[in-house]
Every structure is written in structure tokens, then in C-alpha cells.
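To keep things clear, I will list the structure first and then write my remarks on it.
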Amino acid sequence: MRTRVRGWRWRRNPLRRRSDVVEAWTVVVVALLLCVGAPLLGAATAWWGYGQAHAIVAEQRAERHHVRAAVVDKESGTLSSNQLGGQHSYRATVRWSAPDGTEKSTTARVPSGSRHGDTVDVWLDSRGKSVPPPSDGAQIWQHSATIGSFTVIGTALTVLLAHRAVRAVALRHRMTEWDRDWALTEPEWTRRRA
């Protein structure tokens, strides 16, 4: 039957080595970093990512504007429809009236079910070119959650790899200390003189 002694690295013990104490403190530091440090760093990174994404979306909303346009015709030479945002779309020429009353047209992505004369929503930049719509609040939260999650995962992996390296060095030192102590103790046990 095998009995496991817990906390032996913390108690005074003639078999305890300095490398054992270093390894015990390393376990405490790793636990703190994994349970407290990584989540805090992930939350801070997510908050930073949210602010950056929010600023980009505000900039997009300032430079893009929305118009309701009529589909004029399908773009010639268009290949099969592309998968965009969960729905099929293709490029088509659309026409709309500007606030000053002039007729304008451009090529934009429209849903695949659109036919000639259908009204679709189109987002334009300041030069009148078709652009994707600005991101919404859900995309901002998704972006910040992704950044925060990957930061937590990366931090945890880094901490665990560093812990593994410290354990390898501690094991090497422990074996060196045991060899040195055995060289002193072995002659007494075997009655052999070196």
C-alpha cells in the first residue's frame, strides 16, 4: 500500500532539496497566474479590443452612408454566387436618386434572389463606391470576446510551458544534489572507501 505525503516540500525534511522548494513555489505562482493573471489579462485585452473595434465602427459609420437602390441588371461575366454573411449574393448594377435629385448608379453586391426592379439596401463610401455595411454591436462583442479568449489561451500555454521548463531545470538540479549527497553517504552504507 502506498501512502502519499502532501506538502512535504514545505516541511523541514532532510530529504528536501532547494530545488524542491523552488518547484513548490513555482506551482503556487503557476496556479495564481492561471487562475487570476490569465483571466485578468484576457479581460483587459478584450476591453482594449472592444474600444478599438468600436472606434473603427464609428469611423466606418461616419464615412459610409446607406441608400435604397433599384437593381438595374446583373453584371455580365459574373461567376457563381459567393457566400457572404450567410447568404448568397452576386454583383449587379444598381441605381438610386441622390438627395439633389440626380440619378446615380454603381455596381454592388445584391442578394441572389434579386431581380430587375427590386429595391435593395446598398452602403456607399464617400466616392460613391459600394462597400460592406459597417459592423454592428454583436460583431464588436464577438471580436472582443475572441481577442480576450485567445489572450487567455495564449497566456495559459505560455505559463504552462514556462512551468515545464522550470520543472526540468529543478529536476536536473535535484538529481545533481542527490548525486553529490549520495557520494558522501554511500561509503558509510557500503563500508567502501572512495
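Identifiers for the C-alpha cells are assigned positionally: chains receive A, B, ... in sequence, residues are indexed from 1 per chain, and ligands are indexed from 1 in the order shown.
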Nearby residues (only C-alpha atoms) at most 12 Å from Val169 (chain A), same-chain spacing under 6 positions excluded, as a ChimeraX atom specification: /A:19-20,22-23,26,162-163,175-176
Selection export as a PDB file, in the first residue's frame, atoms kept: all heavy atoms:
ATOM      1  N   SER A  19      15.861  22.627  -4.768  1.00  0.00           N
ATOM      2  CA  SER A  19      15.076  22.516  -5.999  1.00  0.00           C
ATOM      3  C   SER A  19      13.625  22.125  -5.700  1.00  0.00           C
ATOM      4  O   SER A  19      12.713  22.521  -6.415  1.00  0.00           O
ATOM      5  CB  SER A  19      15.707  21.508  -6.949  1.00  0.00           C
ATOM      6  OG  SER A  19      15.805  20.241  -6.321  1.00  0.00           O
ATOM      7  N   ASP A  20      13.395  21.364  -4.608  1.00  0.00           N
ATOM      8  CA  ASP A  20      12.034  21.021  -4.208  1.00  0.00           C
ATOM      9  C   ASP A  20      11.258  22.259  -3.775  1.00  0.00           C
ATOM     10  O   ASP A  20      10.084  22.420  -4.101  1.00  0.00           O
ATOM     11  CB  ASP A  20      12.050  20.004  -3.062  1.00  0.00           C
ATOM     12  CG  ASP A  20      12.655  18.679  -3.479  1.00  0.00           C
ATOM     13  OD1 ASP A  20      12.475  18.293  -4.650  1.00  0.00           O
ATOM     14  OD2 ASP A  20      13.313  18.036  -2.641  1.00  0.00           O
ATOM     15  N   VAL A  22      11.939  25.373  -4.704  1.00  0.00           N
ATOM     16  CA  VAL A  22      11.715  26.190  -5.911  1.00  0.00           C
ATOM     17  C   VAL A  22      10.526  25.653  -6.692  1.00  0.00           C
ATOM     18  O   VAL A  22       9.666  26.404  -7.151  1.00  0.00           O
ATOM     19  CB  VAL A  22      12.992  26.222  -6.790  1.00  0.00           C
ATOM     20  CG1 VAL A  22      12.701  26.801  -8.155  1.00  0.00           C
ATOM     21  CG2 VAL A  22      14.089  26.993  -6.091  1.00  0.00           C
ATOM     22  N   GLU A  23      10.450  24.337  -6.822  1.00  0.00           N
ATOM     23  CA  GLU A  23       9.334  23.738  -7.563  1.00  0.00           C
ATOM     24  C   GLU A  23       8.008  23.972  -6.850  1.00  0.00           C
ATOM     25  O   GLU A  23       6.985  24.224  -7.481  1.00  0.00           O
ATOM     26  CB  GLU A  23       9.592  22.250  -7.747  1.00  0.00           C
ATOM     27  CG  GLU A  23       8.657  21.628  -8.742  1.00  0.00           C
ATOM     28  CD  GLU A  23       9.033  20.198  -9.085  1.00  0.00           C
ATOM     29  OE1 GLU A  23      10.124  19.744  -8.709  1.00  0.00           O
ATOM     30  OE2 GLU A  23       8.194  19.541  -9.718  1.00  0.00           O
ATOM     31  N   THR A  26       7.008  27.458  -7.487  1.00  0.00           N
ATOM     32  CA  THR A  26       6.618  27.584  -8.888  1.00  0.00           C
ATOM     33  C   THR A  26       5.177  27.138  -9.087  1.00  0.00           C
ATOM     34  O   THR A  26       4.425  27.752  -9.842  1.00  0.00           O
ATOM     35  CB  THR A  26       7.563  26.749  -9.778  1.00  0.00           C
ATOM     36  OG1 THR A  26       8.891  27.189  -9.566  1.00  0.00           O
ATOM     37  CG2 THR A  26       7.207  26.894 -11.235  1.00  0.00           C
ATOM     38  N   ALA A 162       6.430  27.561 -19.492  1.00  0.00           N
ATOM     39  CA  ALA A 162       7.459  28.056 -18.567  1.00  0.00           C
ATOM     40  C   ALA A 162       7.547  27.157 -17.337  1.00  0.00           C
ATOM     41  O   ALA A 162       8.648  26.861 -16.849  1.00  0.00           O
ATOM     42  CB  ALA A 162       7.149  29.491 -18.159  1.00  0.00           C
ATOM     43  N   HIS A 163       6.406  26.701 -16.834  1.00  0.00           N
ATOM     44  CA  HIS A 163       6.399  25.790 -15.688  1.00  0.00           C
ATOM     45  C   HIS A 163       7.114  24.482 -16.032  1.00  0.00           C
ATOM     46  O   HIS A 163       7.885  23.951 -15.218  1.00  0.00           O
ATOM     47  CB  HIS A 163       4.965  25.513 -15.244  1.00  0.00           C
ATOM     48  CG  HIS A 163       4.852  24.515 -14.140  1.00  0.00           C
ATOM     49  ND1 HIS A 163       5.408  24.711 -12.904  1.00  0.00           N
ATOM     50  CD2 HIS A 163       4.268  23.305 -14.082  1.00  0.00           C
ATOM     51  CE1 HIS A 163       5.163  23.677 -12.129  1.00  0.00           C
ATOM     52  NE2 HIS A 163       4.475  22.792 -12.833  1.00  0.00           N
ATOM     53  N   MET A 175      18.666  16.086  -9.180  1.00  0.00           N
ATOM     54  CA  MET A 175      19.490  14.895  -9.428  1.00  0.00           C
ATOM     55  C   MET A 175      20.970  15.170  -9.135  1.00  0.00           C
ATOM     56  O   MET A 175      21.673  14.318  -8.586  1.00  0.00           O
ATOM     57  CB  MET A 175      19.322  14.415 -10.872  1.00  0.00           C
ATOM     58  CG  MET A 175      17.963  13.836 -11.174  1.00  0.00           C
ATOM     59  SD  MET A 175      17.638  12.391 -10.154  1.00  0.00           S
ATOM     60  CE  MET A 175      16.197  12.898  -9.269  1.00  0.00           C
ATOM     61  N   THR A 176      21.429  16.378  -9.445  1.00  0.00           N
ATOM     62  CA  THR A 176      22.809  16.746  -9.121  1.00  0.00           C
ATOM     63  C   THR A 176      23.023  16.773  -7.611  1.00  0.00           C
ATOM     64  O   THR A 176      24.038  16.270  -7.107  1.00  0.00           O
ATOM     65  CB  THR A 176      23.148  18.116  -9.734  1.00  0.00           C
ATOM     66  OG1 THR A 176      22.934  18.065 -11.135  1.00  0.00           O
ATOM     67  CG2 THR A 176      24.579  18.520  -9.454  1.00  0.00           C
TER      68      THR A 176
END
Where does DSSP see helix (DSSP H, G or I) in region 12-194 of chain A, if you list the residues as a PyMOL selection string? chain A and resi 18-63+137-190
In Å, how far is it from CA of Val131 (chain A) to CA of Trp47 (chain A)?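 Value for the CA of Val131 (chain A)-CA of Trp47 (chain A) distance: 27.5 Å.
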Residues of region 38-70 of chain A in strand (DSSP E or B) according to DSSP, as a list in words?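 DSSP-assigned strand (DSSP E or B) residues in region 38-70 of chain A: His65, His66, Val67, Arg68, Ala69 and Ala70 of chain A.
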Selected residues written out, N, CA, C and O atoms, as a PDB file, in the first residue's frame:
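Output file result13.pdb follows:
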ATOM      1  N   HIS A  65     -22.530  55.675 -46.087  1.00  0.00           N
ATOM      2  CA  HIS A  65     -23.940  56.010 -45.966  1.00  0.00           C
ATOM      3  C   HIS A  65     -24.785  54.977 -46.704  1.00  0.00           C
ATOM      4  O   HIS A  65     -24.329  54.314 -47.627  1.00  0.00           O
ATOM      5  N   HIS A  66     -26.019  54.880 -46.256  1.00  0.00           N
ATOM      6  CA  HIS A  66     -26.946  53.862 -46.725  1.00  0.00           C
ATOM      7  C   HIS A  66     -27.911  54.468 -47.737  1.00  0.00           C
ATOM      8  O   HIS A  66     -28.421  55.570 -47.530  1.00  0.00           O
ATOM      9  N   VAL A  67     -28.159  53.752 -48.830  1.00  0.00           N
ATOM     10  CA  VAL A  67     -29.177  54.180 -49.805  1.00  0.00           C
ATOM     11  C   VAL A  67     -30.029  52.978 -50.177  1.00  0.00           C
ATOM     12  O   VAL A  67     -29.594  51.833 -50.080  1.00  0.00           O
ATOM     13  N   ARG A  68     -31.253  53.270 -50.596  1.00  0.00           N
ATOM     14  CA  ARG A  68     -32.132  52.247 -51.153  1.00  0.00           C
ATOM     15  C   ARG A  68     -32.020  52.393 -52.660  1.00  0.00           C
ATOM     16  O   ARG A  68     -32.292  53.450 -53.211  1.00  0.00           O
ATOM     17  N   ALA A  69     -31.590  51.321 -53.328  1.00  0.00           N
ATOM     18  CA  ALA A  69     -31.343  51.380 -54.770  1.00  0.00           C
ATOM     19  C   ALA A  69     -32.133  50.287 -55.479  1.00  0.00           C
ATOM     20  O   ALA A  69     -32.440  49.246 -54.904  1.00  0.00           O
ATOM     21  N   ALA A  70     -32.433  50.552 -56.738  1.00  0.00           N
ATOM     22  CA  ALA A  70     -33.149  49.579 -57.564  1.00  0.00           C
ATOM     23  C   ALA A  70     -32.144  48.790 -58.394  1.00  0.00           C
ATOM     24  O   ALA A  70     -31.189  49.349 -58.937  1.00  0.00           O
TER      25      ALA A  70
END
Using only C-alpha atoms, which protein or nucleic acid residues come within 12 Å of region 165-167 of chain A? Drop anything in the same chain fewer than 5 positions from it, and give the result as JSON, numbers by chain. {"A": [19, 20, 21, 22, 23, 24, 25, 26, 27, 29, 30, 158, 159, 160, 172, 173, 174]}
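One distance worth recording is that between CA of Cys35 (chain A) and CA of Trp48 (chain A), which is 20.7 Å.
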For the atom pair CA of Arg17 (chain A) and CA of Leu34 (chain A), what is the interatomic distance in Å to one decimal place? 26.0 Å
Give me, as a ChimeraX atom specification, all polymer residues having an atom no more than 9 Å from Ala145 (chain A), counting only C-alpha atoms and skipping those fewer than 5 positions away in the same chain. /A:42-43,46-47,49-50,140,150
Residues of the last selection are to be written out with all heavy atoms, as a CSV table (one decimal), in the first residue's frame.
chain,number,residue,atom,x,y,z
A,42,GLY,N,-6.8,38.5,-20.1
A,42,GLY,CA,-7.8,38.3,-21.2
A,42,GLY,C,-8.9,39.4,-21.1
A,42,GLY,O,-9.3,39.9,-22.2
A,43,ALA,N,-9.4,39.7,-19.9
A,43,ALA,CA,-10.4,40.7,-19.8
A,43,ALA,C,-9.9,42.1,-20.2
A,43,ALA,O,-10.6,42.9,-20.9
A,43,ALA,CB,-10.9,40.8,-18.4
A,46,ALA,N,-9.6,42.1,-24.0
A,46,ALA,CA,-11.0,42.1,-24.6
A,46,ALA,C,-11.5,43.6,-24.5
A,46,ALA,O,-12.1,44.1,-25.5
A,46,ALA,CB,-11.9,41.2,-23.9
A,47,TRP,N,-11.3,44.2,-23.4
A,47,TRP,CA,-11.8,45.6,-23.2
A,47,TRP,C,-11.1,46.5,-24.2
A,47,TRP,O,-11.7,47.4,-24.8
A,47,TRP,CB,-11.5,46.1,-21.8
A,47,TRP,CG,-12.1,47.4,-21.5
A,47,TRP,CD1,-11.5,48.6,-21.4
A,47,TRP,CD2,-13.5,47.7,-21.3
A,47,TRP,NE1,-12.4,49.6,-21.1
A,47,TRP,CE2,-13.6,49.1,-21.1
A,47,TRP,CE3,-14.7,46.9,-21.3
A,47,TRP,CZ2,-14.9,49.7,-20.9
A,47,TRP,CZ3,-15.9,47.5,-21.1
A,47,TRP,CH2,-16.0,48.9,-20.9
A,49,GLY,N,-9.7,45.6,-27.1
A,49,GLY,CA,-10.2,45.2,-28.4
A,49,GLY,C,-11.6,45.8,-28.7
A,49,GLY,O,-11.9,46.2,-29.8
A,50,TYR,N,-12.5,45.8,-27.6
A,50,TYR,CA,-13.8,46.4,-27.8
A,50,TYR,C,-13.7,47.9,-28.1
A,50,TYR,O,-14.3,48.4,-29.0
A,50,TYR,CB,-14.6,46.2,-26.5
A,50,TYR,CG,-15.9,46.9,-26.5
A,50,TYR,CD1,-17.0,46.3,-27.2
A,50,TYR,CD2,-16.1,48.1,-26.0
A,50,TYR,CE1,-18.2,46.9,-27.2
A,50,TYR,CE2,-17.4,48.7,-26.0
A,50,TYR,CZ,-18.4,48.1,-26.7
A,50,TYR,OH,-19.6,48.7,-26.7
A,140,ILE,N,-18.9,43.6,-32.8
A,140,ILE,CA,-17.9,44.2,-31.9
A,140,ILE,C,-17.7,43.3,-30.7
A,140,ILE,O,-16.6,43.0,-30.3
A,140,ILE,CB,-18.4,45.6,-31.5
A,140,ILE,CG1,-18.4,46.5,-32.7
A,140,ILE,CG2,-17.5,46.1,-30.4
A,140,ILE,CD1,-19.0,47.9,-32.4
A,150,PHE,N,-8.5,34.3,-26.9
A,150,PHE,CA,-7.1,33.9,-27.4
A,150,PHE,C,-6.0,34.4,-26.5
A,150,PHE,O,-5.0,33.7,-26.4
A,150,PHE,CB,-6.9,34.3,-28.9
A,150,PHE,CG,-7.6,33.4,-29.9
A,150,PHE,CD1,-8.7,33.8,-30.6
A,150,PHE,CD2,-7.1,32.1,-30.0
A,150,PHE,CE1,-9.3,32.9,-31.5
A,150,PHE,CE2,-7.7,31.2,-30.9
A,150,PHE,CZ,-8.8,31.6,-31.7
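Residue nearest Trp123 (chain A) within the list A:Arg64, A:Lys104, A:Leu171, A:Asp73: A:Arg64 [criterion: smallest interatomic distance, only C-alpha atoms].
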Go through A:Val36, A:Val110, A:Val122, A:Ala168 and flag the residue nearest Pro134 (chain A), using only C-alpha atoms for the distances.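 Comparing A:Val36, A:Val110, A:Val122, A:Ala168 against Pro134 (chain A), the winner is A:Val122.
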